[in-house]
$ cat target-v3.pdb   # PDB, C-alpha atoms
ATOM      1  CA  MET A  22     126.148 119.942  93.988
ATOM      2  CA  LYS A  23     126.963 120.335  97.673
ATOM      3  CA  GLU A  24     128.469 116.835  97.850
ATOM      4  CA  SER A  25     130.633 117.524  94.794
ATOM      5  CA  LEU A  26     131.912 120.766  96.334
ATOM      6  CA  LYS A  27     132.607 118.940  99.597
ATOM      7  CA  ASN A  28     134.674 116.305  97.798
ATOM      8  CA  PHE A  29     136.476 119.084  95.918
ATOM      9  CA  ILE A  30     137.326 121.190  98.984
ATOM     10  CA  GLU A  31     138.400 118.151 101.022
ATOM     11  CA  ASN A  32     140.486 116.706  98.189
ATOM     12  CA  LYS A  33     144.177 116.445  99.052
ATOM     13  CA  TYR A  34     145.127 118.153  95.799
ATOM     14  CA  THR A  35     142.936 121.140  96.662
ATOM     15  CA  SER A  36     144.412 121.243 100.172
ATOM     16  CA  ASN A  37     147.942 121.110  98.770
ATOM     17  CA  PHE A  38     147.083 123.887  96.305
ATOM     18  CA  ILE A  39     145.764 126.136  99.096
ATOM     19  CA  LEU A  40     148.880 125.346 101.138
ATOM     20  CA  ALA A  41     151.063 126.350  98.171
ATOM     21  CA  VAL A  42     149.107 129.607  97.795
ATOM     22  CA  ILE A  43     149.575 130.380 101.496
ATOM     23  CA  ILE A  44     153.336 129.821 101.205
ATOM     24  CA  PHE A  45     153.496 131.906  98.015
ATOM     25  CA  ASN A  46     151.500 134.711  99.629
ATOM     26  CA  SER A  47     153.789 134.668 102.690
ATOM     27  CA  ILE A  48     156.842 135.013 100.437
ATOM     28  CA  VAL A  49     155.218 137.853  98.496
ATOM     29  CA  LEU A  50     154.392 139.724 101.720
ATOM     30  CA  GLY A  51     158.036 139.437 102.714
ATOM     31  CA  LEU A  52     159.235 140.717  99.352
ATOM     32  CA  MET A  53     156.896 143.704  99.606
ATOM     33  CA  THR A  54     158.913 145.005 102.563
ATOM     34  CA  TYR A  55     161.872 145.752 100.224
ATOM     35  CA  PRO A  56     161.522 149.202  98.564
ATOM     36  CA  GLU A  57     163.906 148.298  95.728
ATOM     37  CA  ILE A  58     161.894 145.186  94.865
ATOM     38  CA  MET A  59     158.624 147.127  95.047
ATOM     39  CA  ALA A  60     160.088 149.694  92.667
ATOM     40  CA  ARG A  61     160.701 146.941  90.105
ATOM     41  CA  ILE A  62     157.807 144.521  90.440
ATOM     42  CA  GLY A  63     155.543 146.192  92.976
ATOM     43  CA  LYS A  64     152.494 145.983  90.685
ATOM     44  CA  PHE A  65     152.991 142.247  90.173
ATOM     45  CA  LEU A  66     153.375 141.624  93.903
ATOM     46  CA  SER A  67     150.300 143.682  94.776
ATOM     47  CA  ASP A  68     148.219 141.908  92.128
ATOM     48  CA  SER A  69     149.513 138.559  93.364
ATOM     49  CA  CYS A  70     148.342 139.405  96.884
ATOM     50  CA  ILE A  71     144.890 140.276  95.567
ATOM     51  CA  VAL A  72     144.690 136.987  93.657
ATOM     52  CA  CYS A  73     145.717 135.061  96.779
ATOM     53  CA  VAL A  74     143.056 136.813  98.867
ATOM     54  CA  ILE A  75     140.434 136.007  96.220
ATOM     55  CA  ILE A  76     141.460 132.330  96.287
ATOM     56  CA  PHE A  77     141.260 132.277 100.098
ATOM     57  CA  THR A  78     137.842 133.955  99.970
ATOM     58  CA  ILE A  79     136.495 131.452  97.439
ATOM     59  CA  GLU A  80     137.741 128.629  99.665
ATOM     60  CA  ILE A  81     135.969 130.102 102.708
ATOM     61  CA  LEU A  82     132.733 130.695 100.750
ATOM     62  CA  ILE A  83     132.723 127.112  99.495
ATOM     63  CA  LYS A  84     133.231 125.813 103.028
ATOM     64  CA  LEU A  85     130.440 128.050 104.326
ATOM     65  CA  TYR A  86     128.113 126.687 101.652
ATOM     66  CA  VAL A  87     129.123 123.071 102.208
ATOM     67  CA  TYR A  88     129.228 122.989 106.014
ATOM     68  CA  GLY A  89     126.694 125.689 106.845
ATOM     69  CA  LYS A  90     126.501 126.658 110.528
ATOM     70  CA  SER A  91     128.742 123.725 111.494
ATOM     71  CA  PHE A  92     131.616 125.600 109.827
ATOM     72  CA  PHE A  93     131.873 127.890 112.857
ATOM     73  CA  LYS A  94     131.939 124.991 115.322
ATOM     74  CA  ASP A  95     135.581 124.390 114.395
ATOM     75  CA  GLY A  96     137.965 126.866 116.021
ATOM     76  CA  TRP A  97     140.457 126.575 113.162
ATOM     77  CA  ASN A  98     137.715 127.500 110.654
ATOM     78  CA  ASN A  99     136.926 130.593 112.729
ATOM     79  CA  PHE A 100     140.623 131.453 112.726
ATOM     80  CA  ASP A 101     140.760 131.160 108.915
ATOM     81  CA  PHE A 102     137.576 133.194 108.521
ATOM     82  CA  ILE A 103     138.906 136.071 110.654
ATOM     83  CA  LEU A 104     142.233 136.194 108.782
ATOM     84  CA  VAL A 105     140.505 136.271 105.393
ATOM     85  CA  ALA A 106     137.981 138.873 106.585
ATOM     86  CA  ILE A 107     140.815 141.131 107.787
ATOM     87  CA  SER A 108     142.338 140.923 104.302
ATOM     88  CA  TRP A 109     139.306 142.766 102.896
ATOM     89  CA  VAL A 110     139.529 145.749 105.266
ATOM     90  CA  PRO A 111     140.007 148.809 102.988
ATOM     91  CA  THR A 112     143.123 150.875 103.694
ATOM     92  CA  GLY A 113     143.161 153.534 100.981
ATOM     93  CA  GLY A 114     141.223 156.639  99.988
ATOM     94  CA  ILE A 115     138.513 157.631 102.453
ATOM     95  CA  PHE A 116     139.456 154.568 104.504
ATOM     96  CA  SER A 117     143.001 155.820 105.125
ATOM     97  CA  SER A 118     142.263 155.797 108.858
ATOM     98  CA  PHE A 119     142.310 151.998 108.598
ATOM     99  CA  ARG A 120     145.794 152.023 107.090
ATOM    100  CA  ALA A 121     147.191 150.435 110.257
ATOM    101  CA  PHE A 122     145.245 147.293 109.336
ATOM    102  CA  ARG A 123     147.687 146.765 106.446
ATOM    103  CA  VAL A 124     150.194 145.355 108.920
ATOM    104  CA  LEU A 125     147.663 142.632 109.775
ATOM    105  CA  ARG A 126     147.990 141.123 106.305
ATOM    106  CA  ALA A 127     151.184 139.520 107.586
ATOM    107  CA  LEU A 128     148.906 137.361 109.743
ATOM    108  CA  ARG A 129     147.890 135.439 106.605
ATOM    109  CA  ALA A 130     151.071 133.427 107.055
ATOM    110  CA  LEU A 131     149.459 132.017 110.200
ATOM    111  CA  ARG A 132     147.109 130.038 107.945
ATOM    112  CA  LEU A 133     149.989 127.579 107.638
ATOM    113  CA  ILE A 134     149.051 126.483 111.150
ATOM    114  CA  THR A 135     145.590 125.385 110.027
ATOM    115  CA  ARG A 136     147.059 123.423 107.116
ATOM    116  CA  LEU A 137     149.890 121.593 108.879
ATOM    117  CA  GLN A 138     148.774 119.115 111.533
ATOM    118  CA  LYS A 139     152.054 119.177 113.474
ATOM    119  CA  LEU A 140     151.807 122.944 113.870
ATOM    120  CA  ARG A 141     148.167 122.662 114.948
ATOM    121  CA  ILE A 142     149.149 120.155 117.638
ATOM    122  CA  ILE A 143     151.852 122.477 118.991
ATOM    123  CA  VAL A 144     149.560 125.519 119.052
ATOM    124  CA  GLN A 145     146.723 123.539 120.603
ATOM    125  CA  ALA A 146     149.106 122.137 123.218
ATOM    126  CA  ILE A 147     150.284 125.643 124.118
ATOM    127  CA  ILE A 148     146.677 126.835 124.462
ATOM    128  CA  GLU A 149     145.656 123.860 126.612
ATOM    129  CA  SER A 150     148.801 124.302 128.735
ATOM    130  CA  ILE A 151     147.940 127.908 129.624
ATOM    131  CA  PRO A 152     146.411 127.065 133.049
ATOM    132  CA  ASN A 153     149.447 125.035 134.180
ATOM    133  CA  VAL A 154     151.855 127.472 132.555
ATOM    134  CA  GLY A 155     150.011 130.251 134.352
ATOM    135  CA  TRP A 156     150.729 128.663 137.749
ATOM    136  CA  ALA A 157     154.368 128.130 136.777
ATOM    137  CA  SER A 158     154.541 131.762 135.646
ATOM    138  CA  LEU A 159     153.090 132.841 138.991
ATOM    139  CA  LEU A 160     155.848 130.878 140.726
ATOM    140  CA  LEU A 161     158.413 132.568 138.476
ATOM    141  CA  LEU A 162     156.937 135.985 139.299
ATOM    142  CA  LEU A 163     157.178 135.193 143.006
ATOM    143  CA  ILE A 164     160.839 134.230 142.586
ATOM    144  CA  PHE A 165     161.444 137.473 140.673
ATOM    145  CA  TYR A 166     159.809 139.493 143.416
ATOM    146  CA  ILE A 167     161.820 137.853 146.203
ATOM    147  CA  PHE A 168     165.147 138.254 144.397
ATOM    148  CA  ALA A 169     164.234 141.824 143.387
ATOM    149  CA  ILE A 170     163.719 142.751 147.032
ATOM    150  CA  MET A 171     167.024 141.088 147.927
ATOM    151  CA  GLY A 172     168.852 142.808 145.075
ATOM    152  CA  THR A 173     167.403 146.231 145.872
ATOM    153  CA  THR A 174     168.310 145.842 149.541
ATOM    154  CA  LEU A 175     171.869 144.705 148.831
ATOM    155  CA  PHE A 176     172.957 146.647 145.743
ATOM    156  CA  SER A 177     170.739 149.737 145.335
ATOM    157  CA  GLU A 178     173.212 152.243 146.784
ATOM    158  CA  ALA A 179     176.176 151.139 144.653
ATOM    159  CA  PHE A 180     174.218 150.284 141.498
ATOM    160  CA  PRO A 181     171.017 152.359 141.374
ATOM    161  CA  GLU A 182     170.807 151.936 137.578
ATOM    162  CA  PHE A 183     170.380 148.167 138.015
ATOM    163  CA  PHE A 184     168.852 147.751 141.480
ATOM    164  CA  GLY A 185     167.654 151.224 142.479
ATOM    165  CA  THR A 186     163.989 150.196 142.748
ATOM    166  CA  ILE A 187     161.921 147.034 142.681
ATOM    167  CA  GLY A 188     161.028 147.753 139.041
ATOM    168  CA  LYS A 189     164.661 148.252 137.990
ATOM    169  CA  SER A 190     165.697 145.145 139.903
ATOM    170  CA  MET A 191     163.027 143.010 138.213
ATOM    171  CA  TYR A 192     164.049 144.328 134.802
ATOM    172  CA  SER A 193     167.694 143.519 135.552
ATOM    173  CA  LEU A 194     166.674 140.044 136.727
ATOM    174  CA  PHE A 195     164.726 139.537 133.514
ATOM    175  CA  GLN A 196     167.862 140.366 131.534
ATOM    176  CA  ILE A 197     169.843 137.945 133.707
ATOM    177  CA  MET A 198     167.239 135.203 133.207
ATOM    178  CA  THR A 199     167.501 135.544 129.420
ATOM    179  CA  LEU A 200     171.308 135.308 129.797
ATOM    180  CA  GLU A 201     171.671 138.412 127.631
ATOM    181  CA  SER A 202     174.936 140.212 128.566
ATOM    182  CA  TRP A 203     174.247 139.382 132.181
ATOM    183  CA  SER A 204     177.812 138.474 133.107
ATOM    184  CA  MET A 205     179.841 141.410 131.758
ATOM    185  CA  GLY A 206     176.932 143.869 131.835
ATOM    186  CA  ILE A 207     175.552 143.318 135.341
ATOM    187  CA  ALA A 208     177.070 140.484 137.366
ATOM    188  CA  ARG A 209     180.805 141.204 137.104
ATOM    189  CA  PRO A 210     180.500 144.942 137.911
ATOM    190  CA  VAL A 211     178.412 144.078 140.965
ATOM    191  CA  ILE A 212     180.749 141.262 142.036
ATOM    192  CA  SER A 213     183.737 143.622 141.777
ATOM    193  CA  VAL A 214     182.159 145.684 144.561
ATOM    194  CA  PHE A 215     180.361 142.887 146.431
ATOM    195  CA  PRO A 216     182.457 139.682 146.176
ATOM    196  CA  PHE A 217     179.659 137.579 147.698
ATOM    197  CA  ALA A 218     177.212 138.652 144.963
ATOM    198  CA  TRP A 219     178.056 135.592 142.847
ATOM    199  CA  VAL A 220     175.895 133.536 145.214
ATOM    200  CA  TYR A 221     172.946 135.817 144.482
ATOM    201  CA  PHE A 222     173.319 135.679 140.692
ATOM    202  CA  ILE A 223     174.063 131.962 140.405
ATOM    203  CA  SER A 224     171.203 130.980 142.702
ATOM    204  CA  PHE A 225     168.782 133.162 140.728
ATOM    205  CA  ILE A 226     169.863 131.725 137.379
ATOM    206  CA  LEU A 227     169.621 128.150 138.644
ATOM    207  CA  THR A 228     166.175 128.812 140.108
ATOM    208  CA  SER A 229     164.651 130.794 137.244
ATOM    209  CA  SER A 230     166.302 129.656 134.029
ATOM    210  CA  PHE A 231     167.167 126.026 134.751
ATOM    211  CA  ILE A 232     164.294 124.982 137.018
ATOM    212  CA  VAL A 233     161.151 127.070 136.530
ATOM    213  CA  MET A 234     161.583 127.532 132.770
ATOM    214  CA  ASN A 235     162.199 123.805 132.375
ATOM    215  CA  VAL A 236     158.957 123.174 134.270
ATOM    216  CA  ILE A 237     157.091 125.359 131.758
ATOM    217  CA  VAL A 238     158.754 123.606 128.825
ATOM    218  CA  GLY A 239     157.953 120.238 130.387
ATOM    219  CA  VAL A 240     154.269 121.151 130.729
ATOM    220  CA  VAL A 241     154.041 122.122 127.059
ATOM    221  CA  VAL A 242     155.973 119.075 125.854
ATOM    222  CA  ASN A 243     153.733 116.790 127.922
ATOM    223  CA  ALA A 244     150.647 118.402 126.402
ATOM    224  CA  ILE A 245     152.069 117.933 122.893
ATOM    225  CA  GLY A 246     152.657 114.243 123.617
ATOM    226  CA  GLU A 247     149.108 113.774 124.919
ATOM    227  CA  LEU A 248     147.559 115.525 121.911
ATOM    228  CA  SER A 249     149.703 113.542 119.474
ATOM    229  CA  GLU A 250     148.564 110.292 121.111
ATOM    230  CA  GLN A 251     144.955 111.461 121.060
ATOM    231  CA  ASN A 252     145.160 112.333 117.357
ATOM    232  CA  ARG A 253     146.752 108.964 116.617
ATOM    233  CA  LYS A 254     143.918 107.115 118.365
ATOM    234  CA  GLU A 255     141.299 109.210 116.580
ATOM    235  CA  GLN A 256     142.937 108.427 113.235
ATOM    236  CA  GLU A 257     142.985 104.712 114.068
ATOM    237  CA  LEU A 258     139.274 104.804 114.986
ATOM    238  CA  LYS A 259     138.536 106.664 111.769
ATOM    239  CA  ASN A 260     140.426 104.045 109.740
ATOM    240  CA  ILE A 261     138.541 101.261 111.522
ATOM    241  CA  GLN A 262     135.230 103.009 110.823
ATOM    242  CA  ASN A 263     136.142 103.406 107.158
ATOM    243  CA  SER A 264     137.081  99.715 106.947
ATOM    244  CA  THR A 265     133.777  98.739 108.580
ATOM    245  CA  ASP A 266     131.799 100.924 106.191
ATOM    246  CA  LEU A 267     133.652  99.426 103.235
ATOM    247  CA  GLU A 268     132.980  95.911 104.490
ATOM    248  CA  LEU A 269     129.271  96.676 104.868
ATOM    249  CA  GLU A 270     129.138  98.036 101.335
ATOM    250  CA  LEU A 271     130.860  94.930 100.002
ATOM    251  CA  ASN A 272     128.439  92.643 101.854
ATOM    252  CA  LYS A 273     125.529  94.636 100.508
ATOM    253  CA  LEU A 274     126.928  94.371  97.001
ATOM    254  CA  LYS A 275     127.404  90.625  97.392
ATOM    255  CA  SER A 276     123.787  90.245  98.509
ATOM    256  CA  GLN A 277     122.574  92.194  95.490
ATOM    257  CA  ILE A 278     124.710  90.062  93.175
ATOM    258  CA  ALA A 279     123.293  86.890  94.766
ATOM    259  CA  VAL A 280     119.756  88.135  94.196
ATOM    260  CA  VAL A 281     120.525  88.929  90.562
ATOM    261  CA  GLU A 282     122.087  85.468  90.034
ATOM    262  CA  ALA A 283     119.042  83.824  91.589
ATOM    263  CA  LEU A 284     116.713  85.739  89.288
ATOM    264  CA  LEU A 285     118.794  84.798  86.242
ATOM    265  CA  LYS A 286     118.739  81.118  87.172
ATOM    266  CA  SER A 287     114.983  81.151  87.581
TER     267      SER A 287
END
$ encode --input "target-v3.pdb" --output "structure tokens"
Amino acid sequence: MKESLKNFIENKYTSNFILAVIIFNSIVLGLMTYPEIMARIGKFLSDSCIVCVIIFTIEILIKLYVYGKSFFKDGWNNFDFILVAISWVPTGGIFSSFRAFRVLRALRALRLITRLQKLRIIVQAIIESIPNVGWASLLLLLIFYIFAIMGTTLFSEAFPEFFGTIGKSMYSLFQIMTLESWSMGIARPVISVFPFAWVYFISFILTSSFIVMNVIVGVVVNAIGELSEQNRKEQELKNIQNSTDLELELNKLKSQIAVVEALLKS
């Protein structure tokens, strides 16, 4: 029984079906944000969500039965379990105080990550890159702090709304780093009063956006490459192991056939 359920839950057709349900559920959750659509087919959408949650729950229960305690040794299984458990938090009637949990149902779309290997690699790479990204972020914060002090010292009197305090200066620098309306909104007005200010803005953009941010991106990309190579090697070892097991089974079968032939001849 357990082996049959294991073959069923690990079957590619079952996996593809669950993936299709996740995509369908994500689309339904998006449609439920439109009042006019809810007015027409709101009952169908709500019932569809319930059916999807039931399917997800059955999948989790089967995995719990098949894998037992080892189910929780996989981080992605824990992630799935939490998302499905959140789906059963009551939000109506006497549980109206939990109504805020309804927004968490949108997190079900994150189950796509557990189903698509490429997405899992990216997420895992980001998680494993956190220590190095943290050091790069600390460097970026230091650069922000230095330029904020410079900006406050140079421009606070003429432009207190942008550089009146360290906090305002850092917020302005964050806007400049994202390149959101930095030229016409901040830089050009400041340069019109302080002609030398272009050196300040250009040096900050080159340092923050084009150097430090590229370092962070490089760290993540490198981690993705390492994980992809690791997964490729693991898949190759798995294929070799499967081939070895198959060869052993064939040799065993040949030996049994030889014994049978010998008995028939005698």
$ resolve_selection --input "target-v3.pdb" --expression "the PyMOL selection byres ((chain A and resi 194) around 10)" --output "ChimeraX atom specification"
/A:165-166,168-169,172,183-184,188-193,195-200,203,207,222,225-226,229
$ atom_distance --input "target-v3.pdb" --atom1 "atom CA of Val236 of chain A" --atom2 "atom CA of Ser158 of chain A"
9.8 Å
$ atom_distance --input "target-v3.pdb" --atom1 "atom CA of Thr78 of chain A" --atom2 "atom CA of Ala41 of chain A"
15.4 Å
$ closest_residue --input "target-v3.pdb" --among "A:Ala146, A:Phe231, A:Ile237, A:Phe217" --to "Ser249 of chain A" --atoms "only C-alpha atoms"
A:Ala146
$ closest_residue --input "target-v3.pdb" --among "A:Asn235, A:Ser177, A:Ser67, A:Thr135" --to "Phe100 of chain A" --atoms "all atoms listed in the file"
A:Thr135
$ closest_residue --input "target-v3.pdb" --among "A:Pro152, A:Leu163, A:Lys64, A:Arg141" --to "Gly96 of chain A" --atoms "all atoms listed in the file"
A:Arg141
$ residues_around --input "target-v3.pdb" --residues "Pro210 of chain A" --least-positions-apart "3" --cutoff "12 Å" --atoms "only C-alpha atoms" --output "mmCIF file with C-alpha atoms, keeping the file's coordinate frame"
data_model
loop_
_atom_site.group_PDB
_atom_site.id
_atom_site.type_symbol
_atom_site.label_atom_id
_atom_site.label_comp_id
_atom_site.auth_asym_id
_atom_site.auth_seq_id
_atom_site.Cartn_x
_atom_site.Cartn_y
_atom_site.Cartn_z
ATOM 1 C CA PHE A 176 172.957 146.647 145.743
ATOM 2 C CA ALA A 179 176.176 151.139 144.653
ATOM 3 C CA PHE A 180 174.218 150.284 141.498
ATOM 4 C CA GLU A 182 170.807 151.936 137.578
ATOM 5 C CA PHE A 183 170.380 148.167 138.015
ATOM 6 C CA SER A 202 174.936 140.212 128.566
ATOM 7 C CA TRP A 203 174.247 139.382 132.181
ATOM 8 C CA SER A 204 177.812 138.474 133.107
ATOM 9 C CA MET A 205 179.841 141.410 131.758
ATOM 10 C CA GLY A 206 176.932 143.869 131.835
ATOM 11 C CA ILE A 207 175.552 143.318 135.341
ATOM 12 C CA SER A 213 183.737 143.622 141.777
ATOM 13 C CA VAL A 214 182.159 145.684 144.561
ATOM 14 C CA PHE A 215 180.361 142.887 146.431
ATOM 15 C CA PRO A 216 182.457 139.682 146.176
ATOM 16 C CA ALA A 218 177.212 138.652 144.963
ATOM 17 C CA TRP A 219 178.056 135.592 142.847
#
$ atom_distance --input "target-v3.pdb" --atom1 "atom CA of Tyr88 of chain A" --atom2 "atom CA of Glu149 of chain A"
26.4 Å
$ closest_residue --input "target-v3.pdb" --among "A:Glu57, A:Val42, A:Lys139, A:Asn98" --to "Val72 of chain A" --atoms "all atoms listed in the file"
A:Val42
$ closest_residue --input "target-v3.pdb" --among "A:Ser108, A:Ser224, A:Thr173, A:Ser36" --to "Cys70 of chain A" --atoms "all atoms listed in the file"
A:Ser108
$ closest_residue --input "target-v3.pdb" --among "A:Thr228, A:Thr35, A:Gln256, A:Ser150" --to "Ile164 of chain A" --atoms "only C-alpha atoms"
A:Thr228
$ build_atoms --input "target-v3.pdb" --residues "segment 196-212 of chain A" --atoms "N, CA and C atoms" --output "CSV table (one decimal), in the frame of the given file"
chain,number,residue,atom,x,y,z
A,196,GLN,N,166.7,140.4,132.4
A,196,GLN,CA,167.9,140.4,131.5
A,196,GLN,C,168.8,139.2,131.9
A,197,ILE,N,169.0,139.0,133.2
A,197,ILE,CA,169.8,137.9,133.7
A,197,ILE,C,169.2,136.6,133.4
A,198,MET,N,167.9,136.5,133.5
A,198,MET,CA,167.2,135.2,133.2
A,198,MET,C,167.4,134.8,131.7
A,199,THR,N,167.3,135.8,130.9
A,199,THR,CA,167.5,135.5,129.4
A,199,THR,C,169.0,135.3,129.0
A,200,LEU,N,169.9,135.5,130.0
A,200,LEU,CA,171.3,135.3,129.8
A,200,LEU,C,171.9,136.3,128.7
A,201,GLU,N,171.2,137.4,128.6
A,201,GLU,CA,171.7,138.4,127.6
A,201,GLU,C,172.6,139.4,128.3
A,202,SER,N,173.9,139.3,128.0
A,202,SER,CA,174.9,140.2,128.6
A,202,SER,C,174.9,140.3,130.1
A,203,TRP,N,174.4,139.3,130.7
A,203,TRP,CA,174.2,139.4,132.2
A,203,TRP,C,175.6,139.4,132.9
A,204,SER,N,176.5,138.6,132.4
A,204,SER,CA,177.8,138.5,133.1
A,204,SER,C,178.6,139.8,133.1
A,205,MET,N,179.0,140.2,131.9
A,205,MET,CA,179.8,141.4,131.8
A,205,MET,C,179.0,142.7,132.0
A,206,GLY,N,177.7,142.7,131.7
A,206,GLY,CA,176.9,143.9,131.8
A,206,GLY,C,176.5,144.2,133.2
A,207,ILE,N,176.1,143.1,134.0
A,207,ILE,CA,175.6,143.3,135.3
A,207,ILE,C,176.3,142.6,136.4
A,208,ALA,N,176.5,141.3,136.3
A,208,ALA,CA,177.1,140.5,137.4
A,208,ALA,C,178.5,140.9,137.8
A,209,ARG,N,179.4,140.9,136.8
A,209,ARG,CA,180.8,141.2,137.1
A,209,ARG,C,181.0,142.6,137.7
A,210,PRO,N,180.4,143.6,137.2
A,210,PRO,CA,180.5,144.9,137.9
A,210,PRO,C,180.0,144.9,139.4
A,211,VAL,N,178.9,144.2,139.6
A,211,VAL,CA,178.4,144.1,141.0
A,211,VAL,C,179.4,143.2,141.8
A,212,ILE,N,179.8,142.1,141.3
A,212,ILE,CA,180.7,141.3,142.0
A,212,ILE,C,182.1,142.0,142.4
